[in-house]
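This is run_8.pdb. It holds PDB, C-alpha atoms and all ligand atoms.
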ATOM      1  CA  MET A   1      16.847   8.905   9.944
ATOM      2  CA  ASN A   2      17.213   6.637   6.947
ATOM      3  CA  ALA A   3      14.338   7.084   4.542
ATOM      4  CA  ALA A   4      12.774   4.058   2.865
ATOM      5  CA  LEU A   5      10.873   6.391   0.554
ATOM      6  CA  THR A   6      11.456  10.056  -0.190
ATOM      7  CA  ILE A   7       8.953  12.097  -2.167
ATOM      8  CA  ALA A   8       9.933  15.590  -3.283
ATOM      9  CA  GLY A   9       8.019  18.182  -5.268
ATOM     10  CA  LEU A  10       5.656  15.587  -6.712
ATOM     11  CA  LYS A  11       3.085  17.080  -9.076
ATOM     12  CA  LEU A  12       0.335  15.533 -11.133
ATOM     13  CA  SER A  13      -2.638  16.970 -12.958
ATOM     14  CA  PHE A  14      -5.567  15.439 -14.778
ATOM     15  CA  TYR A  15      -6.867  17.415 -17.745
ATOM     16  CA  GLY A  16      -5.418  20.608 -16.316
ATOM     17  CA  VAL A  17      -6.722  20.022 -12.780
ATOM     18  CA  HIS A  18      -3.793  20.063 -10.374
ATOM     19  CA  VAL A  19      -4.402  17.126  -8.031
ATOM     20  CA  LEU A  20      -0.869  16.850  -6.639
ATOM     21  CA  ARG A  21       0.608  20.333  -6.285
ATOM     22  CA  GLY A  22       3.966  19.540  -4.734
ATOM     23  CA  VAL A  23       4.072  16.704  -2.232
ATOM     24  CA  ASP A  24       7.152  16.413  -0.035
ATOM     25  CA  PHE A  25       7.702  13.865   2.701
ATOM     26  CA  ALA A  26       9.826  10.927   3.719
ATOM     27  CA  VAL A  27       8.814   7.558   5.112
ATOM     28  CA  PRO A  28      11.472   6.505   7.643
ATOM     29  CA  GLU A  29      12.923   3.029   7.229
ATOM     30  CA  GLY A  30      11.113   0.571   9.493
ATOM     31  CA  SER A  31       8.354   3.046  10.382
ATOM     32  CA  PHE A  32       4.604   2.593  10.354
ATOM     33  CA  THR A  33       3.821   5.924   8.737
ATOM     34  CA  GLY A  34       0.269   7.254   8.552
ATOM     35  CA  LEU A  35      -0.986   9.367   5.650
ATOM     36  CA  ILE A  36      -4.098  11.354   6.458
ATOM     37  CA  GLY A  37      -6.034  14.281   5.077
ATOM     38  CA  PRO A  38      -9.556  15.290   4.146
ATOM     39  CA  ASN A  39     -11.440  13.654   1.270
ATOM     40  CA  GLY A  40      -9.984  14.664  -2.069
ATOM     41  CA  ALA A  41      -6.627  15.724  -0.592
ATOM     42  CA  GLY A  42      -4.835  13.533  -3.134
ATOM     43  CA  LYS A  43      -3.713  10.625  -0.914
ATOM     44  CA  SER A  44      -4.801   7.782  -3.216
ATOM     45  CA  THR A  45      -3.552   9.665  -6.255
ATOM     46  CA  LEU A  46      -0.204  10.026  -4.527
ATOM     47  CA  PHE A  47      -0.069   6.256  -3.930
ATOM     48  CA  ASN A  48      -0.973   5.707  -7.583
ATOM     49  CA  ALA A  49       1.804   8.025  -8.694
ATOM     50  CA  VAL A  50       4.364   6.517  -6.312
ATOM     51  CA  SER A  51       3.469   2.932  -7.256
ATOM     52  CA  GLY A  52       3.739   3.575 -10.992
ATOM     53  CA  LEU A  53       0.073   3.634 -11.969
ATOM     54  CA  TYR A  54       0.233   7.301 -12.899
ATOM     55  CA  ARG A  55       3.244   9.091 -14.267
ATOM     56  CA  PRO A  56       3.964  12.263 -12.264
ATOM     57  CA  ASP A  57       4.372  15.536 -14.177
ATOM     58  CA  ALA A  58       7.247  16.646 -11.968
ATOM     59  CA  GLY A  59       9.144  15.747  -8.839
ATOM     60  CA  SER A  60      11.148  12.914  -7.455
ATOM     61  CA  VAL A  61      10.339   9.591  -5.785
ATOM     62  CA  ARG A  62      13.316   7.791  -4.264
ATOM     63  CA  LEU A  63      13.235   4.305  -2.897
ATOM     64  CA  ARG A  64      16.196   4.364  -0.564
ATOM     65  CA  ASP A  65      18.755   5.778  -3.029
ATOM     66  CA  VAL A  66      17.079   4.733  -6.258
ATOM     67  CA  GLU A  67      15.104   7.286  -8.263
ATOM     68  CA  THR A  68      11.864   5.603  -9.250
ATOM     69  CA  ALA A  69       9.554   8.391 -10.472
ATOM     70  CA  GLY A  70       7.807   7.267 -13.646
ATOM     71  CA  LEU A  71       8.851   3.603 -13.411
ATOM     72  CA  PRO A  72       6.094   1.075 -14.160
ATOM     73  CA  PRO A  73       4.651  -0.995 -11.275
ATOM     74  CA  GLU A  74       6.559  -4.189 -12.149
ATOM     75  CA  LYS A  75       9.901  -2.356 -11.964
ATOM     76  CA  LEU A  76       8.879  -0.836  -8.624
ATOM     77  CA  VAL A  77       7.910  -4.236  -7.255
ATOM     78  CA  ALA A  78      11.347  -5.491  -8.285
ATOM     79  CA  VAL A  79      12.990  -2.795  -6.140
ATOM     80  CA  GLY A  80      10.726  -3.544  -3.178
ATOM     81  CA  LEU A  81       7.813  -1.098  -3.375
ATOM     82  CA  VAL A  82       4.382  -2.715  -3.408
ATOM     83  CA  ARG A  83       0.913  -1.338  -2.950
ATOM     84  CA  SER A  84      -1.988  -3.566  -2.089
ATOM     85  CA  PHE A  85      -4.938  -3.796  -4.459
ATOM     86  CA  GLN A  86      -8.459  -5.014  -4.062
ATOM     87  CA  LEU A  87      -8.876  -8.614  -5.115
ATOM     88  CA  ALA A  88      -9.425  -8.789  -8.856
ATOM     89  CA  ARG A  89     -13.017  -9.451  -9.761
ATOM     90  CA  GLY A  90     -11.883 -11.453 -12.771
ATOM     91  CA  PHE A  91     -10.902 -14.550 -10.802
ATOM     92  CA  PRO A  92     -13.789 -15.294  -8.421
ATOM     93  CA  LYS A  93     -13.247 -19.044  -8.479
ATOM     94  CA  LEU A  94      -9.577 -18.983  -7.586
ATOM     95  CA  SER A  95      -8.727 -20.230  -4.126
ATOM     96  CA  VAL A  96      -6.786 -18.203  -1.590
ATOM     97  CA  PHE A  97      -3.702 -20.318  -2.344
ATOM     98  CA  GLN A  98      -4.080 -19.781  -6.095
ATOM     99  CA  HIS A  99      -4.439 -16.050  -5.561
ATOM    100  CA  LEU A 100      -1.227 -15.943  -3.593
ATOM    101  CA  MET A 101       0.582 -18.095  -6.158
ATOM    102  CA  LEU A 102      -0.748 -16.085  -9.087
ATOM    103  CA  TYR A 103       0.555 -12.867  -7.630
ATOM    104  CA  GLY A 104       3.905 -14.396  -6.711
ATOM    105  CA  ALA A 105       4.240 -15.824 -10.215
ATOM    106  CA  ALA A 106       3.413 -12.449 -11.735
ATOM    107  CA  GLN A 107       6.520 -10.938 -10.219
ATOM    108  CA  PRO A 108       9.438  -9.933 -12.423
ATOM    109  CA  GLY A 109      11.952 -12.708 -12.859
ATOM    110  CA  GLU A 110       9.253 -15.350 -12.991
ATOM    111  CA  HIS A 111       9.210 -17.039 -16.343
ATOM    112  CA  LEU A 112       5.823 -18.465 -17.013
ATOM    113  CA  LEU A 113       6.989 -19.980 -20.274
ATOM    114  CA  ALA A 114       9.642 -21.915 -18.410
ATOM    115  CA  GLY A 115       6.839 -23.221 -16.206
ATOM    116  CA  LEU A 116       4.942 -24.407 -19.268
ATOM    117  CA  PHE A 117       7.940 -26.390 -20.423
ATOM    118  CA  GLY A 118       8.280 -27.843 -16.947
ATOM    119  CA  SER A 119      11.975 -27.190 -16.476
ATOM    120  CA  GLN A 120      13.459 -28.299 -13.206
ATOM    121  CA  ARG A 121      14.274 -24.696 -12.327
ATOM    122  CA  ALA A 122      10.649 -23.692 -12.883
ATOM    123  CA  ARG A 123       9.467 -26.511 -10.625
ATOM    124  CA  GLN A 124      11.899 -25.470  -7.899
ATOM    125  CA  ARG A 125      10.721 -21.889  -8.252
ATOM    126  CA  GLU A 126       7.101 -22.979  -7.953
ATOM    127  CA  ALA A 127       7.910 -25.021  -4.854
ATOM    128  CA  ALA A 128       9.624 -21.977  -3.313
ATOM    129  CA  LEU A 129       6.608 -19.796  -4.155
ATOM    130  CA  ALA A 130       4.251 -22.361  -2.609
ATOM    131  CA  GLU A 131       6.397 -22.391   0.534
ATOM    132  CA  ARG A 132       6.194 -18.598   0.675
ATOM    133  CA  ALA A 133       2.413 -18.710   0.164
ATOM    134  CA  PHE A 134       2.022 -21.232   3.017
ATOM    135  CA  GLY A 135       4.231 -19.105   5.270
ATOM    136  CA  ILE A 136       2.250 -15.938   4.547
ATOM    137  CA  ALA A 137      -1.075 -17.757   5.013
ATOM    138  CA  ARG A 138       0.105 -19.087   8.397
ATOM    139  CA  ARG A 139       1.280 -15.653   9.425
ATOM    140  CA  LEU A 140      -2.061 -14.049   8.497
ATOM    141  CA  LYS A 141      -4.045 -16.959   9.956
ATOM    142  CA  LEU A 142      -5.466 -17.800   6.544
ATOM    143  CA  ASP A 143      -4.070 -21.342   6.464
ATOM    144  CA  HIS A 144      -7.422 -22.933   7.304
ATOM    145  CA  VAL A 145      -9.104 -21.239   4.303
ATOM    146  CA  LEU A 146      -6.309 -21.749   1.765
ATOM    147  CA  ASP A 147      -8.444 -23.968  -0.482
ATOM    148  CA  ASN A 148     -11.582 -21.831  -0.255
ATOM    149  CA  PRO A 149     -12.549 -19.600  -3.175
ATOM    150  CA  VAL A 150     -11.911 -15.971  -2.238
ATOM    151  CA  THR A 151     -15.578 -15.184  -2.872
ATOM    152  CA  ALA A 152     -16.458 -17.428   0.107
ATOM    153  CA  LEU A 153     -14.328 -15.399   2.521
ATOM    154  CA  SER A 154     -15.497 -12.802   4.996
ATOM    155  CA  GLY A 155     -14.787  -9.161   4.224
ATOM    156  CA  GLY A 156     -11.937  -9.117   6.728
ATOM    157  CA  GLN A 157     -10.395 -12.293   5.339
ATOM    158  CA  LYS A 158     -10.507 -10.802   1.841
ATOM    159  CA  LYS A 159      -8.567  -7.815   3.147
ATOM    160  CA  LEU A 160      -5.997 -10.198   4.620
ATOM    161  CA  VAL A 161      -5.666 -11.966   1.245
ATOM    162  CA  GLU A 162      -5.031  -8.565  -0.351
ATOM    163  CA  ILE A 163      -2.267  -7.946   2.154
ATOM    164  CA  GLY A 164      -0.945 -11.505   1.721
ATOM    165  CA  ARG A 165      -0.860 -11.111  -2.018
ATOM    166  CA  ALA A 166       1.228  -7.944  -1.658
ATOM    167  CA  LEU A 167       3.575  -9.787   0.723
ATOM    168  CA  MET A 168       4.193 -12.453  -1.944
ATOM    169  CA  ALA A 169       6.325  -9.833  -3.703
ATOM    170  CA  GLU A 170       8.567  -9.630  -0.599
ATOM    171  CA  PRO A 171       8.317  -5.842  -0.360
ATOM    172  CA  THR A 172      10.583  -3.629   1.701
ATOM    173  CA  ILE A 173       7.876  -0.977   1.795
ATOM    174  CA  LEU A 174       4.156  -1.622   1.610
ATOM    175  CA  LEU A 175       1.618   1.081   0.718
ATOM    176  CA  LEU A 176      -1.843   0.344   2.119
ATOM    177  CA  ASP A 177      -4.882   2.381   1.105
ATOM    178  CA  GLU A 178      -7.561   1.960   3.786
ATOM    179  CA  PRO A 179      -7.090  -1.789   4.315
ATOM    180  CA  MET A 180      -9.675  -1.770   7.117
ATOM    181  CA  ALA A 181     -12.410   0.075   5.214
ATOM    182  CA  GLY A 182     -15.784  -1.639   5.544
ATOM    183  CA  VAL A 183     -14.499  -4.226   8.010
ATOM    184  CA  ASN A 184     -16.151  -4.829  11.399
ATOM    185  CA  PRO A 185     -14.344  -3.663  14.565
ATOM    186  CA  SER A 186     -13.068  -7.076  15.682
ATOM    187  CA  LEU A 187     -11.607  -7.875  12.242
ATOM    188  CA  THR A 188     -10.185  -4.365  12.053
ATOM    189  CA  GLU A 189      -8.404  -5.175  15.301
ATOM    190  CA  GLN A 190      -7.044  -8.436  13.855
ATOM    191  CA  ILE A 191      -5.804  -6.725  10.691
ATOM    192  CA  ALA A 192      -4.190  -4.025  12.835
ATOM    193  CA  GLU A 193      -2.404  -6.693  14.903
ATOM    194  CA  HIS A 194      -1.104  -8.389  11.747
ATOM    195  CA  LEU A 195       0.157  -5.080  10.397
ATOM    196  CA  VAL A 196       1.894  -4.247  13.672
ATOM    197  CA  ALA A 197       3.559  -7.697  13.649
ATOM    198  CA  LEU A 198       4.717  -7.253  10.050
ATOM    199  CA  ASN A 199       6.092  -3.829  10.892
ATOM    200  CA  ARG A 200       7.916  -5.192  13.951
ATOM    201  CA  GLY A 201       9.368  -7.835  11.632
ATOM    202  CA  GLY A 202      11.047  -5.052   9.651
ATOM    203  CA  LEU A 203       8.498  -4.132   6.981
ATOM    204  CA  THR A 204       8.103  -0.395   6.419
ATOM    205  CA  ILE A 205       4.425   0.481   6.060
ATOM    206  CA  CYS A 206       2.715   3.631   4.801
ATOM    207  CA  LEU A 207      -0.990   3.555   5.598
ATOM    208  CA  ILE A 208      -3.836   5.761   4.356
ATOM    209  CA  GLU A 209      -6.583   5.623   6.954
ATOM    210  CA  HIS A 210      -9.524   7.807   7.966
ATOM    211  CA  ASP A 211     -10.008   6.249  11.426
ATOM    212  CA  MET A 212      -8.053   8.594  13.672
ATOM    213  CA  GLY A 213      -8.145   6.125  16.560
ATOM    214  CA  LEU A 214      -6.189   3.641  14.444
ATOM    215  CA  ILE A 215      -3.804   6.292  13.179
ATOM    216  CA  ARG A 216      -3.113   7.457  16.741
ATOM    217  CA  ARG A 217      -2.502   3.905  17.933
ATOM    218  CA  LEU A 218      -0.490   2.549  14.999
ATOM    219  CA  CYS A 219       1.330   5.328  13.220
ATOM    220  CA  ALA A 220       4.423   7.437  13.696
ATOM    221  CA  PRO A 221       5.084   9.718  11.992
ATOM    222  CA  VAL A 222       1.775  10.991  10.669
ATOM    223  CA  ILE A 223       1.848  12.957   7.394
ATOM    224  CA  VAL A 224      -1.048  15.286   6.632
ATOM    225  CA  MET A 225      -2.022  16.139   3.067
ATOM    226  CA  ALA A 226      -4.514  18.803   2.032
ATOM    227  CA  GLU A 227      -5.345  20.134  -1.410
ATOM    228  CA  GLY A 228      -2.600  18.187  -3.127
ATOM    229  CA  ARG A 229       0.204  19.243  -0.808
ATOM    230  CA  THR A 230       1.875  18.070   2.353
ATOM    231  CA  LEU A 231       0.420  20.253   5.078
ATOM    232  CA  THR A 232       2.496  19.064   8.018
ATOM    233  CA  GLN A 233       3.895  15.998   9.738
ATOM    234  CA  GLY A 234       4.829  14.809  13.187
ATOM    235  CA  SER A 235       3.456  12.622  15.951
ATOM    236  CA  PHE A 236      -0.313  12.136  15.995
ATOM    237  CA  GLU A 237      -0.601  14.519  18.940
ATOM    238  CA  GLU A 238       1.447  17.156  17.131
ATOM    239  CA  VAL A 239      -0.565  17.084  13.930
ATOM    240  CA  ALA A 240      -3.929  16.744  15.700
ATOM    241  CA  SER A 241      -3.285  19.901  17.708
ATOM    242  CA  ASP A 242      -2.182  21.866  14.633
ATOM    243  CA  THR A 243      -4.845  24.448  13.795
ATOM    244  CA  ARG A 244      -4.008  24.213  10.062
ATOM    245  CA  VAL A 245      -4.908  20.512  10.178
ATOM    246  CA  GLN A 246      -8.136  21.208  12.042
ATOM    247  CA  GLU A 247      -9.044  23.889   9.489
ATOM    248  CA  ALA A 248      -8.251  21.569   6.565
ATOM    249  CA  TYR A 249     -10.633  18.966   7.978
ATOM    250  CA  LEU A 250     -13.294  21.614   8.446
ATOM    251  CA  GLY A 251     -12.878  22.535   4.789
ATOM    252  CA  ARG A 252     -11.566  26.025   5.347
ATOM    253  CA  ARG A 253      -8.823  27.493   3.190
ATOM    254  CA  HIS A 254      -5.460  27.965   4.854
TER     255      HIS A 254
HETATM  256  N1  LIG B 301      -8.027   9.502 -12.805
HETATM  257  C1  LIG B 301      -8.467  10.674 -12.391
HETATM  258  N2  LIG B 301      -8.949  11.590 -13.276
HETATM  259  C2  LIG B 301      -9.376  12.805 -12.871
HETATM  260  N3  LIG B 301      -9.387  13.213 -11.586
HETATM  261  C3  LIG B 301      -8.947  12.342 -10.666
HETATM  262  C4  LIG B 301      -8.472  11.040 -11.002
HETATM  263  N4  LIG B 301      -8.076  10.408  -9.858
HETATM  264  C5  LIG B 301      -8.321  11.275  -8.854
HETATM  265  N5  LIG B 301      -8.827  12.425  -9.328
HETATM  266  C6  LIG B 301      -9.207  13.596  -8.530
HETATM  267  O1  LIG B 301      -8.135  13.903  -7.680
HETATM  268  C7  LIG B 301      -8.599  14.408  -6.439
HETATM  269  C8  LIG B 301      -7.946  13.651  -5.298
HETATM  270  O2  LIG B 301      -8.499  12.341  -5.232
HETATM  271  P1  LIG B 301      -7.882  11.231  -4.295
HETATM  272  O3  LIG B 301      -8.743  10.019  -4.459
HETATM  273  O4  LIG B 301      -6.435  11.091  -4.547
HETATM  274  O5  LIG B 301      -8.104  11.859  -2.848
HETATM  275  P2  LIG B 301      -7.992  11.169  -1.436
HETATM  276  O6  LIG B 301      -7.215  12.082  -0.564
HETATM  277  O7  LIG B 301      -7.468   9.776  -1.580
HETATM  278  O8  LIG B 301      -9.510  11.155  -1.000
HETATM  279  P3  LIG B 301     -10.360  10.102  -0.117
HETATM  280  O9  LIG B 301      -9.834  10.212   1.264
HETATM  281  O10 LIG B 301     -11.746  10.607  -0.263
HETATM  282  O11 LIG B 301     -10.150   8.740  -0.730
HETATM  283  C9  LIG B 301     -10.110  14.290  -6.463
HETATM  284  O12 LIG B 301     -10.656  15.548  -6.748
HETATM  285  C10 LIG B 301     -10.359  13.326  -7.597
HETATM  286  O13 LIG B 301     -11.578  13.585  -8.222
END

Representation of the structure as structure tokens:
Amino acid sequence: MNAALTIAGLKLSFYGVHVLRGVDFAVPEGSFTGLIGPNGAGKSTLFNAVSGLYRPDAGSVRLRDVETAGLPPEKLVAVGLVRSFQLARGFPKLSVFQHLMLYGAAQPGEHLLAGLFGSQRARQREAALAERAFGIARRLKLDHVLDNPVTALSGGQKKLVEIGRALMAEPTILLLDEPMAGVNPSLTEQIAEHLVALNRGGLTICLIEHDMGLIRRLCAPVIVMAEGRTLTQGSFEEVASDTRVQEAYLGRRH
């Protein structure tokens, strides 16, 4: 197995509270890996540490063969690791297209100053970004709402814009933290289909999700975290039948 992402001995504490106590797992290249665990297990914190928002106290994060622990988010994006974020509240009037462009333009290597001076290279770059934005919008079936302000979108469409925005960075691995949360069942199904299609197209995905039906259907392998550690991993059936996992969800100590 080639690993797209390898996490080893990752530790992080806040004000002396050990939230990540030694997380170890690998996300296989091309997989649709699920990350599950009871509330407070440390899943989102792990994503924050892996994507450069928090600096881990100890441990290693390798993106393929590159050690990335402690790198800031923009450096991680440059090497292909992207996590999706909720749409910024600061730009309610921006259209879907502008959101996609803004995120694409915020990537390393984009020189906004060059854009201001209107160099030919900057214009070509902008045209390429626009092409990418159109392609992503078509793929996510957002092309008919490209000019709409994001505030006018349905909850499910907003989630798709969040995913689209992450795709603008052309990631090799995408970390998704509950992208279907708060979305109705039919839109959840549509988002799931898009994610499966992206994964089949070669994108490695690591998904945090509480809906076990989705995890069972979409994800292999499934990693289980509890109390800041990796508890176990395997197929959904394997982890679901593991008594330690059942106990962790029931809140018992193991
Ligand atoms: N910035 C922070 N400062 C202090 N404590 C934090 C911070 N971020 C997270 N924590 C704590 O870390 C623990 C793990 O939280 P985290 O959100 O990572 O869990 P989770 O597994 O994602 O839970 P859920 O499934 O409920 O989202 C919690 O006890 C939380 O209060």

Got a sec to check which residues lie within 12 Å of ligand LIG 301 (chain B), using all atoms listed in the file, and send them as a PyMOL selection string?
chain A and resi 11-21+35-50+53-55+176-178+181+207-211+224-230+248-249

Can I get the selected residues back with C-alpha atoms, as an mmCIF file, in the coordinates of the input?
data_model
loop_
_atom_site.group_PDB
_atom_site.id
_atom_site.type_symbol
_atom_site.label_atom_id
_atom_site.label_comp_id
_atom_site.auth_asym_id
_atom_site.auth_seq_id
_atom_site.Cartn_x
_atom_site.Cartn_y
_atom_site.Cartn_z
ATOM 1 C CA LYS A 11 3.085 17.080 -9.076
ATOM 2 C CA LEU A 12 0.335 15.533 -11.133
ATOM 3 C CA SER A 13 -2.638 16.970 -12.958
ATOM 4 C CA PHE A 14 -5.567 15.439 -14.778
ATOM 5 C CA TYR A 15 -6.867 17.415 -17.745
ATOM 6 C CA GLY A 16 -5.418 20.608 -16.316
ATOM 7 C CA VAL A 17 -6.722 20.022 -12.780
ATOM 8 C CA HIS A 18 -3.793 20.063 -10.374
ATOM 9 C CA VAL A 19 -4.402 17.126 -8.031
ATOM 10 C CA LEU A 20 -0.869 16.850 -6.639
ATOM 11 C CA ARG A 21 0.608 20.333 -6.285
ATOM 12 C CA LEU A 35 -0.986 9.367 5.650
ATOM 13 C CA ILE A 36 -4.098 11.354 6.458
ATOM 14 C CA GLY A 37 -6.034 14.281 5.077
ATOM 15 C CA PRO A 38 -9.556 15.290 4.146
ATOM 16 C CA ASN A 39 -11.440 13.654 1.270
ATOM 17 C CA GLY A 40 -9.984 14.664 -2.069
ATOM 18 C CA ALA A 41 -6.627 15.724 -0.592
ATOM 19 C CA GLY A 42 -4.835 13.533 -3.134
ATOM 20 C CA LYS A 43 -3.713 10.625 -0.914
ATOM 21 C CA SER A 44 -4.801 7.782 -3.216
ATOM 22 C CA THR A 45 -3.552 9.665 -6.255
ATOM 23 C CA LEU A 46 -0.204 10.026 -4.527
ATOM 24 C CA PHE A 47 -0.069 6.256 -3.930
ATOM 25 C CA ASN A 48 -0.973 5.707 -7.583
ATOM 26 C CA ALA A 49 1.804 8.025 -8.694
ATOM 27 C CA VAL A 50 4.364 6.517 -6.312
ATOM 28 C CA LEU A 53 0.073 3.634 -11.969
ATOM 29 C CA TYR A 54 0.233 7.301 -12.899
ATOM 30 C CA ARG A 55 3.244 9.091 -14.267
ATOM 31 C CA LEU A 176 -1.843 0.344 2.119
ATOM 32 C CA ASP A 177 -4.882 2.381 1.105
ATOM 33 C CA GLU A 178 -7.561 1.960 3.786
ATOM 34 C CA ALA A 181 -12.410 0.075 5.214
ATOM 35 C CA LEU A 207 -0.990 3.555 5.598
ATOM 36 C CA ILE A 208 -3.836 5.761 4.356
ATOM 37 C CA GLU A 209 -6.583 5.623 6.954
ATOM 38 C CA HIS A 210 -9.524 7.807 7.966
ATOM 39 C CA ASP A 211 -10.008 6.249 11.426
ATOM 40 C CA VAL A 224 -1.048 15.286 6.632
ATOM 41 C CA MET A 225 -2.022 16.139 3.067
ATOM 42 C CA ALA A 226 -4.514 18.803 2.032
ATOM 43 C CA GLU A 227 -5.345 20.134 -1.410
ATOM 44 C CA GLY A 228 -2.600 18.187 -3.127
ATOM 45 C CA ARG A 229 0.204 19.243 -0.808
ATOM 46 C CA THR A 230 1.875 18.070 2.353
ATOM 47 C CA ALA A 248 -8.251 21.569 6.565
ATOM 48 C CA TYR A 249 -10.633 18.966 7.978
#

Using the chain letters and numbers from the file, which residues does the PyMOL selection byres (((chain A and resi 236) around 8) and not hetatm) grab, as a ChimeraX atom specification?
/A:215-216,219-222,234-235,237-240

With the PyMOL selection byres (((chain A and resi 185-197) around 10) and not hetatm) as the selection, what would be picked from this file? Answer as a ChimeraX atom specification, please.
/A:32,139-141,154-157,159-160,163,179-184,198-203,205,207,214,217-219

Do you know which residues lie at most 6 Å from (12.3, 12.7, 0.3), with coordinates as in the file and only C-alpha atoms counted, and could you write them as number ranges by chain?
A: 6-8, 25-26

Keeping only C-alpha atoms, write those residues as an mmCIF file, keeping the file's coordinate frame.
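This went into out.cif:
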data_model
loop_
_atom_site.group_PDB
_atom_site.id
_atom_site.type_symbol
_atom_site.label_atom_id
_atom_site.label_comp_id
_atom_site.auth_asym_id
_atom_site.auth_seq_id
_atom_site.Cartn_x
_atom_site.Cartn_y
_atom_site.Cartn_z
ATOM 1 C CA THR A 6 11.456 10.056 -0.190
ATOM 2 C CA ILE A 7 8.953 12.097 -2.167
ATOM 3 C CA ALA A 8 9.933 15.590 -3.283
ATOM 4 C CA PHE A 25 7.702 13.865 2.701
ATOM 5 C CA ALA A 26 9.826 10.927 3.719
#
